[in-house]
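S.K.: Dropping a structure here in structure tokens format, bear with me for questions.
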Amino acid sequence: MRHFGHIAAAAKDGLFFQEPCAFDADSPAPLLSAALGATLYSPATRPRLADDIVKLAGRGVVSMVLCLEDSIDDSEVVAAEENLVRQFAELDARSIEPPLLFIRVREPEQITDLVRRLGATVRLLSGFVLPKFTRARGVPFMEALTKAEAAAGRRLFAMPVLESPELLHLETRRETLRGIAETVTAHRNRVLALRLGVTDFCSAYGLRRSPDMTAYDVRIVAHVIADVVNVLGRADGTGFTITGPVWEYFPRQERMFKPQLRNSPFQENRAESLRTELIAHDLDGLLREIDLDRANGLLGKTCIHPSHVAPVHALSVVSHEEFSDAQDILRPESNGGGVLRSAYTNKMNEVKPHRAWAERTLLRAEVFGVAREDVGFVDLLAACLAE
């Protein structure tokens, strides 16, 4: 699979200076963690889940979480587990490569039980999402994952969700973060990414952000994100990929944007039309939040609606200017440090301070591609939605 693989080859030629690379479930973990992109959550109760997965893969989804936790009622868990086993069998019979698939469980024992029940179809599974992760809860989860991996005979990743009240509350945050850090570091080879449960953070204080606000406008949430990145997102080799929080709002119409795009043949009209539609469908806040995610050290995003996938991926593409700067900073002749004038002549690149940024940028360029010099977000989003 590859990002934007659903776009026609001729269209991609006009968009990308460097196309996204191919990857699969067996690719190196650093590549996969950067490639997660918009991770789409789906309740495990959906009766046609296999069909959904195939359809969504054809629309550009590369990672999905099949949820047995908060998205379903407590009374539905047993039936949802049975449905997952059936749907994996149906998907396996189609002999296609699915997106990266993860199961969000409630308790550690579900991990080993589901791997046993999935049997040979476990080959379609990339790992598990572990809710409300702390040291106390995390250790049993990671022990269960280790046993399940041995039983499955294949690599299975963990994606812990950081969402517990202990992490939110100021008096317990430092110790909770220390415990989480020690636990995930001890299992570094199995932790693909850390996910932020901002909805649970808000719930602890009876808060809910409006579509006009980002997670970073809710100050208590912003402080937690900053502390998580501070401890767990360092660029010194000790950090992990941390993904952006869920955006709760989605459009009321299924075929959003497309009529406006068809009726706007000129670039400036198309851009204005698309921007108007984004605002009308409560996605202007999503775009701002994606930008703020990246500025605050997060990569990828939890999504609960298919309409969020294309904006997340379009804004993940590396601009030609970013790529040029990153390449200049990482040239062998720049190893000694110093300051370079950007090829775009609009900034100074400091080799040593900007090196970690450049390395992350080139990894993102590998998985999401590099846009041509005259290609922007609107062009990329329009191409995704035209398919």
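Residues are referred to by chain and number: the chain letter is A, B, ... according to the order shown in the structure tokens, the number counts from 1 in that chain, and ligands are numbered separately from 1 in the order shown.
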So which bits of range 4-243 of chain A end up strand (DSSP E) when you DSSP the backbone, as a PyMOL selection string?

M.R.: chain A and resi 16-18+38-43+63-67+100-104+125-130+157-162+194-196+242-243

S.K.: For range 328-336 of chain A, find every residue with an atom within 7 Å (counting only C-alpha atoms), except residues of its own chain fewer than 6 positions away, and show them as a count of residues only.

M.R.: 4

S.K.: List the spatial neighbours of Gly244 in chain A as a list of chain:residue names - criterion: any atom at most 6 Å away, only C-alpha atoms, same-chain residues fewer than 4 positions off excluded.

M.R.: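 Close residues of Gly244 in chain A: A:Asp293, A:Leu298, A:Gly300, A:Lys301.
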
S.K.: Which residues come within 9 Å of Ser210 in chain A, counting only C-alpha atoms, excluding same-chain residues fewer than 2 positions away, as a list in words?

M.R.: Arg208, Asp212, Met213, Thr214, Tyr249 and Gly285 of chain A

S.K.: What is the CA of Gly153 in chain A-CA of Arg123 in chain A distance in Å, reported with one decimal?

M.R.: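 Distance reported for this atom pair: 9.1 Å.
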
S.K.: May I ask for the distance between CA of Ser63 in chain A and CA of Leu32 in chain A, given in Å to one decimal place?

M.R.: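 One can read the CA of Ser63 in chain A to CA of Leu32 in chain A distance as 9.8 Å.
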
S.K.: Can you tell me which residues surround Gln327 in chain A at a distance of at most 9 Å, considering only C-alpha atoms, apart from same-chain residues fewer than 5 positions away, and format the answer as a list of chain:residue names?

M.R.: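 Final neighbour list, sorted by chain and number: A:Glu322, A:Ala358, A:Glu359, A:Leu362.
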
S.K.: Rank nothing, just name the residue among A:Arg137, A:His305, A:Arg94, A:His3 nearest to Leu36 in chain A, using only C-alpha atoms.

M.R.: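 Among A:Arg137, A:His305, A:Arg94, A:His3, it is A:His3 that comes nearest to Leu36 in chain A.
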